[in-house]
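Q: What follows is the file query_19.cif, containing mmCIF, C-alpha atoms:
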data_final
loop_
_atom_site.label_atom_id
_atom_site.label_comp_id
_atom_site.auth_asym_id
_atom_site.auth_seq_id
_atom_site.Cartn_x
_atom_site.Cartn_y
_atom_site.Cartn_z
CA MET A 1249 114.18 82.23 53.32
CA ILE A 1250 113.12 85.55 51.90
CA ASP A 1251 114.24 86.89 48.56
CA SER A 1252 116.55 89.84 48.14
CA LYS A 1253 113.86 92.48 47.56
CA LYS A 1254 114.09 95.68 49.56
CA PHE A 1255 111.84 96.22 52.55
CA GLY A 1256 110.68 99.62 53.73
CA THR A 1257 109.82 98.53 57.27
CA VAL A 1258 110.46 95.68 59.65
CA ASP A 1259 106.78 94.73 59.35
CA ASP A 1260 107.23 94.47 55.55
CA TYR A 1261 110.20 92.15 56.13
CA PHE A 1262 108.25 89.99 58.58
CA SER A 1263 105.28 89.76 56.20
CA ALA A 1264 107.56 87.93 53.74
CA LEU A 1265 108.36 85.22 56.32
CA ASP A 1266 106.42 82.04 56.95
CA GLY A 1267 105.71 79.52 59.70
CA LYS A 1268 108.49 78.54 62.06
CA THR A 1269 110.90 81.18 60.79
CA ARG A 1270 108.36 83.95 61.35
CA LYS A 1271 107.69 82.69 64.89
CA LYS A 1272 111.39 82.67 65.75
CA MET A 1273 112.00 86.09 64.22
CA ASP A 1274 109.00 87.45 66.19
CA GLN A 1275 110.45 85.90 69.35
CA ILE A 1276 113.85 87.54 68.76
CA ARG A 1277 112.18 90.89 68.07
CA LYS A 1278 110.21 90.65 71.33
CA ILE A 1279 113.34 89.74 73.32
CA ILE A 1280 115.18 92.78 71.98
CA ARG A 1281 112.22 95.11 72.61
CA LYS A 1282 111.82 93.77 76.16
CA VAL A 1283 115.48 94.25 77.07
CA SER A 1284 115.86 97.57 75.26
CA PRO A 1285 112.47 99.24 74.88
CA GLU A 1286 114.12 102.58 74.05
CA ALA A 1287 115.98 101.14 71.05
CA ILE A 1288 114.93 102.32 67.60
CA GLU A 1289 113.79 99.62 65.19
CA LEU A 1290 114.69 99.96 61.52
CA ILE A 1291 115.71 98.18 58.35
CA GLY A 1292 119.45 98.28 57.81
CA TYR A 1293 121.35 96.50 55.05
CA GLY A 1294 118.01 94.98 54.04
CA MET A 1295 117.35 93.31 57.41
CA PRO A 1296 115.65 94.13 60.72
CA ALA A 1297 117.87 96.01 63.15
CA PHE A 1298 117.83 98.03 66.35
CA LYS A 1299 119.90 101.10 67.21
CA LEU A 1300 120.55 102.67 70.57
CA ALA A 1301 122.40 105.86 71.45
CA GLY A 1302 123.06 106.43 67.75
CA ARG A 1303 124.86 103.10 67.37
CA ASN A 1304 123.96 99.66 66.08
CA LEU A 1305 122.59 97.37 68.75
CA ILE A 1306 121.89 94.26 66.68
CA TYR A 1307 120.79 93.13 63.23
CA TYR A 1308 119.00 89.84 62.59
CA ALA A 1309 117.84 88.08 59.45
CA ALA A 1310 116.17 84.94 58.15
CA ALA A 1311 118.29 82.69 55.96
CA LYS A 1312 117.58 79.35 54.30
CA VAL A 1313 118.37 77.06 57.27
CA HIS A 1314 119.16 79.49 60.08
CA ILE A 1315 118.54 82.91 61.53
CA GLY A 1316 121.53 85.19 61.59
CA LEU A 1317 122.22 87.45 64.54
CA TYR A 1318 124.70 90.27 63.99
CA PRO A 1319 125.65 91.84 67.34
CA GLY A 1320 129.15 92.82 66.21
CA PRO A 1321 132.59 91.40 66.95
CA ASP A 1322 132.87 92.61 70.56
CA ALA A 1323 129.78 90.65 71.57
CA ILE A 1324 131.04 87.54 69.77
CA ILE A 1325 134.30 87.75 71.71
CA ALA A 1326 132.58 88.52 75.04
CA PHE A 1327 130.23 85.52 74.69
CA GLU A 1328 132.70 83.14 73.08
CA ASP A 1329 132.15 80.39 75.68
CA GLN A 1330 128.34 80.53 75.43
CA LEU A 1331 128.58 80.48 71.63
CA ALA A 1332 130.65 77.29 71.44
CA ASP A 1333 127.67 75.30 70.09
CA TYR A 1334 126.87 77.83 67.35
CA ARG A 1335 128.46 78.61 64.02
CA THR A 1336 129.96 82.08 64.33
CA SER A 1337 132.14 84.47 62.39
CA LYS A 1338 133.71 87.81 63.26
CA GLY A 1339 130.38 89.53 63.90
CA ALA A 1340 127.67 86.93 63.22
CA ILE A 1341 125.94 84.01 64.90
CA GLN A 1342 123.88 81.37 63.12
CA LEU A 1343 120.85 80.03 64.99
CA ALA A 1344 119.91 76.75 63.33
CA ASP A 1345 116.25 76.34 62.36
CA ASP A 1346 116.00 73.04 64.21
CA HIS A 1347 117.05 74.49 67.59
CA PRO A 1348 115.12 76.72 70.00
CA VAL A 1349 115.88 80.43 70.22
CA PRO A 1350 118.48 80.94 73.01
CA VAL A 1351 116.46 83.54 74.95
CA LYS A 1352 118.89 84.08 77.86
CA LEU A 1353 121.89 84.35 75.55
CA ILE A 1354 120.17 86.96 73.38
CA GLU A 1355 119.04 88.90 76.46
CA ASP A 1356 122.58 88.90 77.83
CA MET A 1357 124.08 89.97 74.50
CA ILE A 1358 121.60 92.84 74.21
CA LYS A 1359 122.44 93.99 77.74
CA PHE A 1360 126.13 93.83 76.81
CA LYS A 1361 125.51 95.87 73.65
CA ILE A 1362 123.42 98.45 75.56
CA GLU A 1363 126.29 99.02 77.96
CA GLU A 1364 128.83 99.08 75.13
CA ASN A 1365 126.75 101.65 73.20
CA ARG A 1366 126.31 103.86 76.26
CA GLN A 1367 130.04 103.76 77.03
CA LEU A 1368 130.91 104.62 73.43
CA ALA A 1369 128.39 107.47 73.45
CA GLU A 1370 129.94 108.85 76.65
CA VAL A 1371 133.45 108.64 75.18
CA HIS A 1372 132.28 110.36 72.02
CA ALA A 1373 130.56 113.13 74.02
CA ALA A 1374 133.66 113.65 76.18
CA LYS A 1375 135.89 113.91 73.10
CA LYS A 1376 133.48 116.36 71.51
CA LYS A 1377 133.44 118.47 74.68
CA LYS A 1378 137.27 118.56 74.82
CA ARG A 1379 137.60 119.87 71.28
CA LYS A 1380 138.30 123.54 71.16
CA PRO A 1381 136.56 125.51 68.48
CA ALA A 1382 138.79 126.65 65.68
CA VAL A 1383 139.87 130.27 65.96
CA ARG A 1384 138.98 132.28 62.93
CA GLU A 1385 141.13 135.12 61.85
CA LYS A 1386 139.46 138.23 60.52
#
Mind turning the file's structure into structure tokens?
A:
Amino acid sequence: MIDSKKFGTVDDYFSALDGKTRKKMDQIRKIIRKVSPEAIELIGYGMPAFKLAGRNLIYYAAAKVHIGLYPGPDAIIAFEDQLADYRTSKGAIQLADDHPVPVKLIEDMIKFKIEENRQLAEVHAAKKKKRKPAVREK
């Protein structure tokens, strides 16, 4: 587990990790980059994250005995059956240290989030286009 100090970059965050945790975090990072190479990597809320189309794609973080994935509540609901063996909450999944990284599940969740982000961006753009500019009186 890493302490609560602030990290400027994802590489800074990863440099504070050790051994097995570092390997698993690297593996998750590579999975996300492979599935969504256009996503922007950043530190958000003190943990590694990726954004796409101006929206959160996923956050992930090392904890004492697990790695937390934070894909948001819609992904948790959409993958409820596949997540039956994991501890979950409204928007989080705990990957136990003593289990392998679920590569296919993470890939599928990222694909789901990519589509969700693109749909939300389209809806937002359509709403913005429909808005009529305010008429100013002179």
Q: I'd like to see the residues matched by the PyMOL selection byres ((chain A and resi 1305) around 9) on this file, and ideally I'd get them as an NGL selection string.
A: :A and (1287 or 1297-1301 or 1303-1304 or 1306-1307 or 1318-1320 or 1358 or 1361-1362 or 1365)
Q: The PyMOL selection byres ((chain A and resi 1329-1332) around 12) - which residues does that actually catch in the file I just gave you? List them as a list of chain:residue names.
A: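 That selection, the PyMOL selection byres ((chain A and resi 1329-1332) around 12), comes back as A:Leu1317, A:Ala1323, A:Ile1324, A:Ile1325, A:Ala1326, A:Phe1327, A:Glu1328, A:Asp1333, A:Tyr1334, A:Arg1335, A:Thr1336, A:Ser1337, A:Ala1340, A:Ile1341, A:Gln1342, A:Leu1343, A:Pro1350, A:Lys1352, A:Leu1353, A:Ile1354, A:Asp1356, A:Met1357.
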Q: Could you check which of A:Asp1266, A:His1314, A:Asp1345, A:Phe1255 is closest to Tyr1293 of chain A, using all atoms listed in the file?
A: A:Phe1255
Q: With all atoms listed in the file counted, which protein, DNA or RNA residues have an atom no more than 12 Å from (106.0, 86.7, 65.2) in the file frame? Please answer as an MDAnalysis selection string.
A: chainID A and resid 1258:1259 1261:1279
Q: From the options A:Ala1344, A:Ile1280, A:Leu1368, A:Ile1288, which residue's atoms come nearest to Ala1310 of chain A, counting only C-alpha atoms?
A: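 Residue with the minimum atom-to-atom distance to Ala1310 of chain A: A:Ala1344.
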Q: Between A:Gly1302, A:Lys1312, A:His1347, A:Gly1292, single out the one closest to Glu1364 of chain A, counting all atoms listed in the file.
A: A:Gly1302
Q: To test the calculation: enclose all listed atoms of segment 1255-1266 of chain A in a box whose edges run along x, y and z, add 4 Å on each side, then state centre and edge lengths in Å to one decimal, as lines of an AutoDock Vina configuration file.
A:
center_x = 108.6
center_y = 90.8
center_z = 56.1
size_x = 14.6
size_y = 25.6
size_z = 15.1
Q: Would you mind telling me which residue in A:Thr1257, A:Ile1315, A:Phe1360, A:Arg1366 lies nearest to Glu1289 of chain A when using all atoms listed in the file?
A: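 Counting all atoms listed in the file, the residue closest to Glu1289 of chain A is A:Thr1257.
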Q: Could you state the separation of atom CA of Pro1285 of chain A and atom CA of Glu1363 of chain A in Å, given to one decimal place?
A: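 So the answer is 14.2 Å.
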Q: Expressed in Å to a single decimal, how great is the separation between atom CA of Lys1338 of chain A and atom CA of Gly1316 of chain A?
A: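 Separating atom CA of Lys1338 of chain A from atom CA of Gly1316 of chain A is a distance of 12.6 Å.
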Q: Assuming the input is short of atoms at segment 1288-1312 of chain A, produce N, CA and C atoms for that part as a tab-separated table (two decimals), keeping the file's coordinate frame.
A:
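Listing of rebuild25.tsv after writing:
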chain	number	residue	atom	x	y	z
A	1288	ILE	N	115.67	101.96	68.81
A	1288	ILE	CA	114.93	102.32	67.60
A	1288	ILE	C	115.02	101.16	66.61
A	1289	GLU	N	113.86	100.72	66.14
A	1289	GLU	CA	113.79	99.62	65.19
A	1289	GLU	C	113.82	100.17	63.77
A	1290	LEU	N	114.56	99.51	62.90
A	1290	LEU	CA	114.69	99.96	61.52
A	1290	LEU	C	115.10	98.81	60.62
A	1291	ILE	N	115.13	99.10	59.32
A	1291	ILE	CA	115.71	98.18	58.35
A	1291	ILE	C	117.09	98.73	58.01
A	1292	GLY	N	118.09	97.90	58.14
A	1292	GLY	CA	119.45	98.28	57.81
A	1292	GLY	C	120.09	97.16	57.01
A	1293	TYR	N	120.75	97.51	55.94
A	1293	TYR	CA	121.35	96.50	55.05
A	1293	TYR	C	120.32	95.45	54.63
A	1294	GLY	N	119.07	95.87	54.51
A	1294	GLY	CA	118.01	94.98	54.04
A	1294	GLY	C	117.48	94.01	55.09
A	1295	MET	N	117.82	94.23	56.36
A	1295	MET	CA	117.35	93.31	57.41
A	1295	MET	C	116.89	94.09	58.64
A	1296	PRO	N	116.08	93.47	59.50
A	1296	PRO	CA	115.65	94.13	60.72
A	1296	PRO	C	116.85	94.45	61.61
A	1297	ALA	N	116.78	95.59	62.28
A	1297	ALA	CA	117.87	96.01	63.15
A	1297	ALA	C	117.32	96.91	64.26
A	1298	PHE	N	118.13	97.09	65.27
A	1298	PHE	CA	117.83	98.03	66.35
A	1298	PHE	C	119.06	98.88	66.58
A	1299	LYS	N	118.83	100.17	66.86
A	1299	LYS	CA	119.90	101.10	67.21
A	1299	LYS	C	119.60	101.69	68.57
A	1300	LEU	N	120.68	102.04	69.26
A	1300	LEU	CA	120.55	102.67	70.57
A	1300	LEU	C	121.70	103.64	70.74
A	1301	ALA	N	121.39	104.81	71.22
A	1301	ALA	CA	122.40	105.86	71.45
A	1301	ALA	C	123.17	106.15	70.16
A	1302	GLY	N	122.45	106.11	69.04
A	1302	GLY	CA	123.06	106.43	67.75
A	1302	GLY	C	123.96	105.35	67.19
A	1303	ARG	N	123.98	104.19	67.81
A	1303	ARG	CA	124.86	103.10	67.37
A	1303	ARG	C	124.07	101.82	67.16
A	1304	ASN	N	124.60	100.95	66.33
A	1304	ASN	CA	123.96	99.66	66.08
A	1304	ASN	C	123.90	98.85	67.36
A	1305	LEU	N	122.74	98.27	67.61
A	1305	LEU	CA	122.59	97.37	68.75
A	1305	LEU	C	122.69	95.94	68.24
A	1306	ILE	N	121.86	95.60	67.27
A	1306	ILE	CA	121.89	94.26	66.68
A	1306	ILE	C	121.09	94.26	65.38
A	1307	TYR	N	121.53	93.44	64.45
A	1307	TYR	CA	120.79	93.13	63.23
A	1307	TYR	C	120.42	91.65	63.33
A	1308	TYR	N	119.36	91.25	62.65
A	1308	TYR	CA	119.00	89.84	62.59
A	1308	TYR	C	118.27	89.58	61.28
A	1309	ALA	N	118.41	88.37	60.76
A	1309	ALA	CA	117.84	88.08	59.45
A	1309	ALA	C	117.54	86.60	59.29
A	1310	ALA	N	116.53	86.32	58.49
A	1310	ALA	CA	116.17	84.94	58.15
A	1310	ALA	C	117.00	84.49	56.96
A	1311	ALA	N	117.55	83.29	57.06
A	1311	ALA	CA	118.29	82.69	55.96
A	1311	ALA	C	117.63	81.33	55.66
A	1312	LYS	N	118.20	80.60	54.76
A	1312	LYS	CA	117.58	79.35	54.30
A	1312	LYS	C	117.40	78.32	55.43
